[in-house]
file coords_11.pdb (PDB, C-alpha atoms)
ATOM      1  CA  MET A   1       0.000   0.000   0.000
ATOM      2  CA  SER A   2       1.356   3.413  -0.961
ATOM      3  CA  ILE A   3       1.866   6.210   1.529
ATOM      4  CA  ALA A   4      -0.804   8.276  -0.242
ATOM      5  CA  SER A   5      -3.495   5.602   0.041
ATOM      6  CA  THR A   6      -2.553   4.900   3.664
ATOM      7  CA  LEU A   7      -2.865   8.614   4.396
ATOM      8  CA  ALA A   8      -6.216   8.780   2.597
ATOM      9  CA  GLY A   9      -7.393   5.844   4.699
ATOM     10  CA  VAL A  10      -6.333   7.503   7.943
ATOM     11  CA  LEU A  11      -7.920  10.834   6.967
ATOM     12  CA  GLY A  12     -11.123   9.054   5.912
ATOM     13  CA  ALA A  13     -11.248   7.311   9.291
ATOM     14  CA  ILE A  14     -10.815  10.677  11.032
ATOM     15  CA  GLU A  15     -13.778  12.094   9.066
ATOM     16  CA  GLN A  16     -15.934   9.139  10.119
ATOM     17  CA  ALA A  17     -15.075   9.327  13.835
ATOM     18  CA  GLY A  18     -18.198   9.889  15.949
ATOM     19  CA  PRO A  19     -17.351  13.304  17.443
ATOM     20  CA  VAL A  20     -16.088  14.571  14.068
ATOM     21  CA  LEU A  21     -19.309  13.518  12.334
ATOM     22  CA  ALA A  22     -21.306  15.198  15.100
ATOM     23  CA  LEU A  23     -19.336  18.410  14.598
ATOM     24  CA  ARG A  24     -19.795  18.269  10.833
ATOM     25  CA  ASN A  25     -23.554  17.907  11.181
ATOM     26  CA  SER A  26     -24.018  20.256  14.128
ATOM     27  CA  THR A  27     -26.100  23.414  14.028
ATOM     28  CA  PHE A  28     -24.191  25.608  16.482
ATOM     29  CA  VAL A  29     -20.975  23.857  17.460
ATOM     30  CA  TYR A  30     -19.374  24.081  14.014
ATOM     31  CA  PRO A  31     -19.837  27.853  13.648
ATOM     32  CA  ILE A  32     -18.646  28.288  17.250
ATOM     33  CA  VAL A  33     -15.478  26.270  16.574
ATOM     34  CA  ASN A  34     -15.078  28.414  13.479
ATOM     35  CA  ALA A  35     -15.353  31.555  15.622
ATOM     36  CA  VAL A  36     -12.850  30.177  18.160
ATOM     37  CA  HIS A  37     -10.383  29.595  15.324
ATOM     38  CA  ILE A  38     -10.781  33.197  14.196
ATOM     39  CA  ILE A  39     -10.427  34.510  17.765
ATOM     40  CA  GLY A  40      -7.156  32.592  18.068
ATOM     41  CA  VAL A  41      -5.927  33.976  14.748
ATOM     42  CA  ALA A  42      -6.948  37.511  15.784
ATOM     43  CA  LEU A  43      -5.035  37.271  19.087
ATOM     44  CA  LEU A  44      -1.991  35.858  17.334
ATOM     45  CA  PHE A  45      -1.975  38.227  14.389
ATOM     46  CA  GLY A  46      -2.768  41.418  16.281
ATOM     47  CA  SER A  47      -0.067  40.885  18.872
ATOM     48  CA  ILE A  48       2.601  39.491  16.558
ATOM     49  CA  VAL A  49       2.242  42.366  14.081
ATOM     50  CA  ALA A  50       2.622  44.881  16.922
ATOM     51  CA  LEU A  51       5.798  43.111  18.035
ATOM     52  CA  ASP A  52       7.052  42.807  14.445
ATOM     53  CA  LEU A  53       6.574  46.535  13.913
ATOM     54  CA  ARG A  54       8.619  47.172  17.044
ATOM     55  CA  LEU A  55      11.345  44.873  15.675
ATOM     56  CA  VAL A  56      11.376  46.826  12.428
ATOM     57  CA  GLY A  57      11.956  49.946  14.506
ATOM     58  CA  TRP A  58       8.577  51.588  14.574
ATOM     59  CA  ARG A  59       7.913  53.641  17.750
ATOM     60  CA  ARG A  60      11.361  52.825  19.104
ATOM     61  CA  ASP A  61      10.915  55.586  21.698
ATOM     62  CA  VAL A  62       7.997  53.847  23.430
ATOM     63  CA  GLY A  63      10.152  51.319  25.246
ATOM     64  CA  PRO A  64      12.657  48.475  24.992
ATOM     65  CA  THR A  65      11.900  45.510  22.739
ATOM     66  CA  ASP A  66      12.043  43.222  25.758
ATOM     67  CA  ALA A  67       9.085  44.998  27.376
ATOM     68  CA  PHE A  68       7.038  44.652  24.184
ATOM     69  CA  ALA A  69       7.934  40.978  23.981
ATOM     70  CA  ARG A  70       6.900  40.326  27.584
ATOM     71  CA  LEU A  71       3.464  41.751  26.886
ATOM     72  CA  LEU A  72       2.850  40.607  23.326
ATOM     73  CA  LEU A  73       4.474  37.174  23.100
ATOM     74  CA  PRO A  74       2.186  35.492  25.663
ATOM     75  CA  VAL A  75      -0.835  36.914  23.811
ATOM     76  CA  ALA A  76       0.514  35.643  20.485
ATOM     77  CA  ILE A  77       1.314  32.187  21.870
ATOM     78  CA  THR A  78      -2.126  31.980  23.485
ATOM     79  CA  GLY A  79      -3.671  32.874  20.142
ATOM     80  CA  LEU A  80      -1.710  30.120  18.416
ATOM     81  CA  ALA A  81      -2.666  27.657  21.169
ATOM     82  CA  VAL A  82      -6.348  28.516  20.597
ATOM     83  CA  ALA A  83      -6.237  28.590  16.795
ATOM     84  CA  ILE A  84      -4.432  25.264  16.258
ATOM     85  CA  PRO A  85      -6.834  22.871  18.057
ATOM     86  CA  ALA A  86      -9.889  24.680  16.650
ATOM     87  CA  GLY A  87      -8.308  24.500  13.202
ATOM     88  CA  LEU A  88      -7.600  20.781  13.603
ATOM     89  CA  LEU A  89     -11.268  20.193  14.452
ATOM     90  CA  LEU A  90     -12.401  22.078  11.333
ATOM     91  CA  PHE A  91      -9.835  20.139   9.294
ATOM     92  CA  ALA A  92     -11.111  16.810  10.642
ATOM     93  CA  THR A  93     -14.646  17.387   9.297
ATOM     94  CA  ASP A  94     -13.373  17.264   5.698
ATOM     95  CA  ALA A  95      -9.855  15.940   6.159
ATOM     96  CA  ARG A  96      -9.264  14.352   2.740
ATOM     97  CA  ALA A  97     -10.481  17.414   0.817
ATOM     98  CA  TYR A  98      -8.381  19.815   2.909
ATOM     99  CA  ALA A  99      -5.292  17.617   2.733
ATOM    100  CA  SER A 100      -5.499  17.482  -1.058
ATOM    101  CA  SER A 101      -6.116  21.230  -1.424
ATOM    102  CA  SER A 102      -2.954  22.977  -2.601
ATOM    103  CA  LEU A 103      -4.146  26.162  -0.883
ATOM    104  CA  PHE A 104      -4.401  24.288   2.416
ATOM    105  CA  GLN A 105      -0.972  22.718   1.905
ATOM    106  CA  ALA A 106       0.478  26.140   1.154
ATOM    107  CA  LYS A 107      -1.180  27.572   4.264
ATOM    108  CA  ILE A 108       0.326  24.885   6.497
ATOM    109  CA  ALA A 109       3.759  25.367   4.906
ATOM    110  CA  VAL A 110       3.565  29.132   5.428
ATOM    111  CA  ILE A 111       2.539  28.660   9.083
ATOM    112  CA  ALA A 112       5.447  26.254   9.619
ATOM    113  CA  ILE A 113       7.869  28.812   8.172
ATOM    114  CA  ALA A 114       6.314  31.605  10.267
ATOM    115  CA  ILE A 115       6.702  29.563  13.463
ATOM    116  CA  ALA A 116      10.273  28.615  12.517
ATOM    117  CA  ASN A 117      10.991  32.306  11.888
ATOM    118  CA  ALA A 118       9.665  33.189  15.349
ATOM    119  CA  LEU A 119      11.674  30.403  17.009
ATOM    120  CA  TRP A 120      14.833  31.414  15.139
ATOM    121  CA  LEU A 121      14.409  34.949  16.438
ATOM    122  CA  ARG A 122      14.611  33.601  19.980
ATOM    123  CA  THR A 123      18.083  32.244  19.257
ATOM    124  CA  ILE A 124      19.630  35.579  18.291
ATOM    125  CA  ASP A 125      20.375  38.654  20.345
ATOM    126  CA  TRP A 126      17.441  40.604  18.967
ATOM    127  CA  GLN A 127      18.197  43.773  20.918
ATOM    128  CA  GLY A 128      21.888  44.106  20.129
ATOM    129  CA  PRO A 129      23.152  46.270  17.245
ATOM    130  CA  ARG A 130      23.686  43.211  15.006
ATOM    131  CA  GLY A 131      20.564  41.414  16.122
ATOM    132  CA  GLY A 132      18.665  44.617  15.416
ATOM    133  CA  ARG A 133      19.041  44.312  11.679
ATOM    134  CA  ARG A 134      18.305  40.593  11.598
ATOM    135  CA  ALA A 135      15.407  41.074  13.978
ATOM    136  CA  ALA A 136      13.992  43.750  11.669
ATOM    137  CA  LEU A 137      14.205  41.320   8.769
ATOM    138  CA  ALA A 138      12.509  38.605  10.816
ATOM    139  CA  GLY A 139       9.789  41.121  11.717
ATOM    140  CA  VAL A 140       9.100  41.911   8.072
ATOM    141  CA  ALA A 141       9.080  38.202   7.211
ATOM    142  CA  SER A 142       6.708  37.527  10.099
ATOM    143  CA  ILE A 143       4.171  40.136   8.956
ATOM    144  CA  ALA A 144       4.268  38.827   5.382
ATOM    145  CA  LEU A 145       4.032  35.164   6.432
ATOM    146  CA  TRP A 146       1.117  35.549   8.856
ATOM    147  CA  LEU A 147      -0.752  37.718   6.358
ATOM    148  CA  ALA A 148      -0.216  35.072   3.704
ATOM    149  CA  ALA A 149      -1.387  32.327   6.092
ATOM    150  CA  ILE A 150      -4.653  34.200   6.747
ATOM    151  CA  VAL A 151      -5.294  34.945   3.082
ATOM    152  CA  LEU A 152      -4.504  31.376   2.008
ATOM    153  CA  GLY A 153      -6.776  30.088   4.764
ATOM    154  CA  ARG A 154      -9.647  32.206   3.523
ATOM    155  CA  LEU A 155      -9.075  31.220  -0.098
ATOM    156  CA  ILE A 156      -9.540  27.510   0.708
ATOM    157  CA  GLY A 157     -13.278  28.066   1.047
ATOM    158  CA  TYR A 158     -13.596  29.712  -2.340
ATOM    159  CA  PHE A 159     -11.760  27.384  -4.720
TER     160      PHE A 159
ATOM    161  CA  MET B   1      15.996  53.729   4.587
ATOM    162  CA  ASN B   2      12.595  54.632   5.891
ATOM    163  CA  HIS B   3      11.155  51.542   7.549
ATOM    164  CA  ARG B   4       7.665  52.534   6.371
ATOM    165  CA  TRP B   5       8.639  51.149   2.972
ATOM    166  CA  ILE B   6       9.728  47.871   4.515
ATOM    167  CA  ILE B   7       6.374  47.527   6.275
ATOM    168  CA  ALA B   8       4.491  48.402   3.102
ATOM    169  CA  GLY B   9       6.534  45.735   1.306
ATOM    170  CA  ALA B  10       5.598  43.121   3.886
ATOM    171  CA  LEU B  11       1.925  44.051   3.523
ATOM    172  CA  ILE B  12       1.990  43.746  -0.265
ATOM    173  CA  LEU B  13       3.885  40.444  -0.094
ATOM    174  CA  GLY B  14       1.440  38.928   2.385
ATOM    175  CA  LEU B  15      -1.649  40.136   0.558
ATOM    176  CA  ALA B  16      -0.430  39.008  -2.880
ATOM    177  CA  PRO B  17      -2.573  35.836  -2.937
ATOM    178  CA  ILE B  18      -5.725  37.924  -2.402
ATOM    179  CA  ALA B  19      -5.747  38.982  -6.048
ATOM    180  CA  PRO B  20      -7.830  36.119  -7.507
ATOM    181  CA  ILE B  21     -10.492  36.292  -4.758
ATOM    182  CA  ALA B  22     -14.055  35.571  -5.809
ATOM    183  CA  ALA B  23     -17.078  35.530  -3.556
ATOM    184  CA  HIS B  24     -18.464  32.073  -2.843
ATOM    185  CA  HIS B  25     -20.728  31.905   0.192
ATOM    186  CA  GLY B  26     -23.968  33.850   0.046
ATOM    187  CA  TRP B  27     -25.435  34.639  -3.344
ATOM    188  CA  GLY B  28     -22.994  37.245  -4.644
ATOM    189  CA  TRP B  29     -21.142  34.765  -6.849
ATOM    190  CA  ALA B  30     -24.275  33.582  -8.656
ATOM    191  CA  THR B  31     -26.366  35.262 -11.323
ATOM    192  CA  GLY B  32     -29.643  36.925 -10.338
ATOM    193  CA  GLU B  33     -31.542  34.867 -12.890
ATOM    194  CA  GLU B  34     -33.608  31.855 -11.809
ATOM    195  CA  PHE B  35     -32.079  28.630 -13.080
ATOM    196  CA  GLU B  36     -33.172  25.018 -13.093
ATOM    197  CA  LEU B  37     -31.307  21.801 -13.657
ATOM    198  CA  ALA B  38     -32.493  18.201 -13.927
ATOM    199  CA  GLY B  39     -30.188  15.312 -13.201
ATOM    200  CA  THR B  40     -29.254  12.233 -11.264
ATOM    201  CA  VAL B  41     -27.315  12.355  -8.018
ATOM    202  CA  LYS B  42     -23.807  10.913  -8.343
ATOM    203  CA  THR B  43     -22.276  11.750  -4.978
ATOM    204  CA  VAL B  44     -23.369  13.799  -1.966
ATOM    205  CA  ARG B  45     -21.460  15.326   0.887
ATOM    206  CA  HIS B  46     -23.596  16.439   3.794
ATOM    207  CA  GLY B  47     -22.514  18.723   6.606
ATOM    208  CA  ASN B  48     -21.021  22.096   7.441
ATOM    209  CA  PRO B  49     -20.325  24.635   6.103
ATOM    210  CA  HIS B  50     -22.844  23.439   3.481
ATOM    211  CA  GLY B  51     -23.640  20.255   1.589
ATOM    212  CA  THR B  52     -22.507  19.575  -1.956
ATOM    213  CA  MET B  53     -23.722  17.100  -4.532
ATOM    214  CA  LEU B  54     -22.484  16.050  -7.928
ATOM    215  CA  LEU B  55     -25.266  15.762 -10.470
ATOM    216  CA  ALA B  56     -25.121  13.897 -13.766
ATOM    217  CA  THR B  57     -27.113  15.993 -16.242
ATOM    218  CA  ARG B  58     -27.604  16.159 -20.001
ATOM    219  CA  ALA B  59     -25.198  19.097 -19.927
ATOM    220  CA  GLY B  60     -22.498  17.092 -18.163
ATOM    221  CA  GLU B  61     -21.546  16.878 -14.522
ATOM    222  CA  TRP B  62     -22.719  19.732 -12.303
ATOM    223  CA  THR B  63     -21.877  20.664  -8.741
ATOM    224  CA  VAL B  64     -24.910  21.713  -6.721
ATOM    225  CA  GLU B  65     -24.549  23.422  -3.372
ATOM    226  CA  ILE B  66     -27.252  22.596  -0.868
ATOM    227  CA  GLY B  67     -27.802  23.944   2.624
ATOM    228  CA  GLN B  68     -26.019  23.427   5.909
ATOM    229  CA  PRO B  69     -27.470  20.607   8.064
ATOM    230  CA  TRP B  70     -30.169  22.674   9.827
ATOM    231  CA  ARG B  71     -31.415  24.217   6.592
ATOM    232  CA  ASN B  72     -31.685  20.858   4.831
ATOM    233  CA  ALA B  73     -33.438  19.373   7.875
ATOM    234  CA  GLN B  74     -35.870  22.311   7.957
ATOM    235  CA  ALA B  75     -36.705  21.707   4.292
ATOM    236  CA  GLY B  76     -37.239  17.991   4.946
ATOM    237  CA  LEU B  77     -34.296  17.190   2.702
ATOM    238  CA  THR B  78     -32.901  14.195   4.591
ATOM    239  CA  PRO B  79     -29.713  12.300   3.647
ATOM    240  CA  GLN B  80     -32.003   9.314   2.910
ATOM    241  CA  LEU B  81     -33.728  11.330   0.165
ATOM    242  CA  LEU B  82     -30.528  12.493  -1.496
ATOM    243  CA  ARG B  83     -28.895   9.219  -2.402
ATOM    244  CA  PRO B  84     -26.751   8.437  -5.420
ATOM    245  CA  GLY B  85     -29.123   7.488  -8.239
ATOM    246  CA  THR B  86     -31.928   9.826  -7.136
ATOM    247  CA  ARG B  87     -33.466  11.772 -10.033
ATOM    248  CA  LEU B  88     -34.241  15.348  -9.143
ATOM    249  CA  LEU B  89     -34.856  18.874 -10.350
ATOM    250  CA  VAL B  90     -32.956  21.745  -8.767
ATOM    251  CA  HIS B  91     -34.177  25.349  -8.772
ATOM    252  CA  GLY B  92     -31.696  28.047  -7.831
ATOM    253  CA  HIS B  93     -28.954  30.215  -9.243
ATOM    254  CA  ARG B  94     -25.954  29.296 -11.346
ATOM    255  CA  SER B  95     -22.441  30.628 -11.016
ATOM    256  CA  ALA B  96     -21.849  33.921 -12.780
ATOM    257  CA  ARG B  97     -18.480  32.628 -13.953
ATOM    258  CA  LYS B  98     -18.776  31.710 -17.620
ATOM    259  CA  GLY B  99     -18.766  27.993 -18.319
ATOM    260  CA  GLU B 100     -18.638  26.979 -14.650
ATOM    261  CA  ARG B 101     -20.991  24.072 -13.923
ATOM    262  CA  LEU B 102     -21.885  25.149 -10.423
ATOM    263  CA  MET B 103     -25.191  26.222  -8.907
ATOM    264  CA  LYS B 104     -26.687  26.906  -5.506
ATOM    265  CA  ALA B 105     -30.033  25.278  -4.773
ATOM    266  CA  GLU B 106     -33.065  27.180  -3.500
ATOM    267  CA  ARG B 107     -35.577  24.402  -3.984
ATOM    268  CA  ILE B 108     -35.227  20.751  -4.921
ATOM    269  CA  VAL B 109     -38.008  18.661  -6.447
ATOM    270  CA  ILE B 110     -37.900  14.891  -5.953
ATOM    271  CA  ALA B 111     -40.727  12.702  -7.311
ATOM    272  CA  GLY B 112     -42.970  15.752  -7.683
ATOM    273  CA  LYS B 113     -42.468  16.937  -4.115
ATOM    274  CA  SER B 114     -40.799  20.281  -3.429
ATOM    275  CA  TYR B 115     -38.178  20.697  -0.703
ATOM    276  CA  ASN B 116     -37.696  24.395  -0.191
ATOM    277  CA  LEU B 117     -34.373  25.411   1.340
ATOM    278  CA  TYR B 118     -35.158  29.122   1.092
ATOM    279  CA  PRO B 119     -38.896  29.663   1.663
ATOM    280  CA  ASP B 120     -38.260  33.435   1.752
ATOM    281  CA  ARG B 121     -36.732  33.533  -1.695
ATOM    282  CA  PRO B 122     -38.668  33.177  -4.944
ATOM    283  CA  SER B 123     -37.638  30.020  -6.772
TER     284      SER B 123
END

call {"tool": "encode", "arguments": {"input": "coords_11.pdb", "output": "structure tokens"}}
result
Amino acid sequence: MSIASTLAGVLGAIEQAGPVLALRNSTFVYPIVNAVHIIGVALLFGSIVALDLRLVGWRRDVGPTDAFARLLLPVAITGLAVAIPAGLLLFATDARAYASSSLFQAKIAVIAIAIANALWLRTIDWQGPRGGRRAALAGVASIALWLAAIVLGRLIGYF
Amino acid sequence: MNHRWIIAGALILGLAPIAPIAAHHGWGWATGEEFELAGTVKTVRHGNPHGTMLLATRAGEWTVEIGQPWRNAQAGLTPQLLRPGTRLLVHGHRSARKGERLMKAERIVIAGKSYNLYPDRPS
């Protein structure tokens, strides 16, 4: 059996799982899970863009990067921690179709790169004079990547 | 360099895939003209965000969007009724995109009985 057909079998089984079927056919739970996913994305995107702008150098006079990070990173991580499980639930209701959608695949790839970008930033001295330039670059990349993830996510429903 | 330009660049880069957007949910993507299509059900997918069926028609294979679970239930359109092989007539609106074999159902007629998904809309 090929990897692709094994994967299709696993995804098909996920779609047929009792709770997933119940979600797919629900009246209120599905739109609520949908809303939770968006709330997570909103928390993540709003806070990460604010931090990214600070990394790029916007409003440098307001305070040190570290202070921004202490406020905004927990909000961003909470947003991600809310968006991912809600997103997995939505994915499960039509797993094979999502998995085979190139827009969905692109969205997941972009999110993986965005998370890697954020993790990489943690490994450099983002407040030093050298880290400053690299941090600014990472900030720009972060804004572009998260924007792309949101747009790709929306496009899935339309194509 | 002014960092405003960098930020603007990031915005444009991230929004690039928005260009080919076309409305899908709601009715905006369909023509205003009433449309009807007769055919035989090939496959059906029930569930959120809305159901979809593939219809074999004289004009080829068409995709027909039906309602979300509560709307179909309200219309009496049960999964038992919409089985592969069922002959039916769909009233609704077709995609405004030229040549696209896609429509959204307002009312479905099976064996002479009407199942109205949108009682408030003329169909």

call {"tool": "resolve_selection", "arguments": {"input": "coords_11.pdb", "expression": "the PyMOL selection byres ((chain A) within 8 of (chain B))", "output": "list of chain:residue names"}}
result
A:Arg24, A:Asn25, A:Ser26, A:Thr27, A:Tyr30, A:Leu53, A:Val56, A:Gly57, A:Trp58, A:Val140, A:Ala141, A:Ile143, A:Ala144, A:Leu145, A:Trp146, A:Leu147, A:Ala148, A:Val151, A:Leu152, A:Leu155, A:Gly157, A:Tyr158

call {"tool": "write_last_selection", "arguments": {"input": "coords_11.pdb", "atoms": "C-alpha atoms", "output": "PDB file, keeping the file's coordinate frame"}}
result
ATOM      1  CA  ARG A  24     -19.795  18.269  10.833  1.00  0.00           C
ATOM      2  CA  ASN A  25     -23.554  17.907  11.181  1.00  0.00           C
ATOM      3  CA  SER A  26     -24.018  20.256  14.128  1.00  0.00           C
ATOM      4  CA  THR A  27     -26.100  23.414  14.028  1.00  0.00           C
ATOM      5  CA  TYR A  30     -19.374  24.081  14.014  1.00  0.00           C
ATOM      6  CA  LEU A  53       6.574  46.535  13.913  1.00  0.00           C
ATOM      7  CA  VAL A  56      11.376  46.826  12.428  1.00  0.00           C
ATOM      8  CA  GLY A  57      11.956  49.946  14.506  1.00  0.00           C
ATOM      9  CA  TRP A  58       8.577  51.588  14.574  1.00  0.00           C
ATOM     10  CA  VAL A 140       9.100  41.911   8.072  1.00  0.00           C
ATOM     11  CA  ALA A 141       9.080  38.202   7.211  1.00  0.00           C
ATOM     12  CA  ILE A 143       4.171  40.136   8.956  1.00  0.00           C
ATOM     13  CA  ALA A 144       4.268  38.827   5.382  1.00  0.00           C
ATOM     14  CA  LEU A 145       4.032  35.164   6.432  1.00  0.00           C
ATOM     15  CA  TRP A 146       1.117  35.549   8.856  1.00  0.00           C
ATOM     16  CA  LEU A 147      -0.752  37.718   6.358  1.00  0.00           C
ATOM     17  CA  ALA A 148      -0.216  35.072   3.704  1.00  0.00           C
ATOM     18  CA  VAL A 151      -5.294  34.945   3.082  1.00  0.00           C
ATOM     19  CA  LEU A 152      -4.504  31.376   2.008  1.00  0.00           C
ATOM     20  CA  LEU A 155      -9.075  31.220  -0.098  1.00  0.00           C
ATOM     21  CA  GLY A 157     -13.278  28.066   1.047  1.00  0.00           C
ATOM     22  CA  TYR A 158     -13.596  29.712  -2.340  1.00  0.00           C
TER      23      TYR A 158
END

call {"tool": "resolve_selection", "arguments": {"input": "coords_11.pdb", "expression": "the PyMOL selection byres ((chain B and resi 100) around 12)", "output": "number ranges by chain"}}
result
B: 29-31, 59-64, 94-99, 101-103

call {"tool": "resolve_selection", "arguments": {"input": "coords_11.pdb", "expression": "the PyMOL selection byres ((chain A and resi 87) around 10)", "output": "PyMOL selection string"}}
result
chain A and resi 33-34+36-38+40-41+82-86+88-92

call {"tool": "atom_distance", "arguments": {"input": "coords_11.pdb", "atom1": "atom CA of B:Glu36", "atom2": "atom CA of B:Ser123"}}
result
9.2 Å

call {"tool": "residues_around", "arguments": {"input": "coords_11.pdb", "residues": "A:Leu43", "least_positions_apart": "3", "cutoff": "10 Å", "atoms": "only C-alpha atoms", "output": "VMD selection string"}}
result
chain A and resid 38 to 40 46 to 48 72 74 to 80 82 to 83

call {"tool": "residues_near_point", "arguments": {"input": "coords_11.pdb", "point": "(8.4, 31.5, 12.2)", "cutoff": "10 Å", "atoms": "only C-alpha atoms", "output": "VMD selection string"}}
result
chain A and resid 110 to 121 138 to 139 141 to 142 145 to 146

call {"tool": "closest_residue", "arguments": {"input": "coords_11.pdb", "among": "B:Lys42, B:Glu34, B:Gly26, B:Asn116", "to": "B:Leu77", "atoms": "only C-alpha atoms"}}
result
B:Asn116

call {"tool": "residues_around", "arguments": {"input": "coords_11.pdb", "residues": "B:Glu65", "least_positions_apart": "2", "cutoff": "6 Å", "atoms": "only C-alpha atoms", "output": "list of chain:residue names"}}
result
B:Gly51, B:Thr52, B:Lys104, B:Ala105

call {"tool": "atom_distance", "arguments": {"input": "coords_11.pdb", "atom1": "atom CA of A:Leu51", "atom2": "atom CA of A:Ala35"}}
result
24.2 Å

call {"tool": "residues_near_point", "arguments": {"input": "coords_11.pdb", "point": "(-24.8, 11.9, -14.6)", "cutoff": "12 Å", "atoms": "all atoms listed in the file", "output": "NGL selection string"}}
result
:B and (37-43 or 53-63 or 84-88)

call {"tool": "atom_distance", "arguments": {"input": "coords_11.pdb", "atom1": "atom CA of B:Leu117", "atom2": "atom CA of B:Gly67"}}
result
6.9 Å

call {"tool": "closest_residue", "arguments": {"input": "coords_11.pdb", "among": "A:Phe159, A:Trp126, A:Tyr98, A:Phe104", "to": "A:Ala8", "atoms": "only C-alpha atoms"}}
result
A:Tyr98
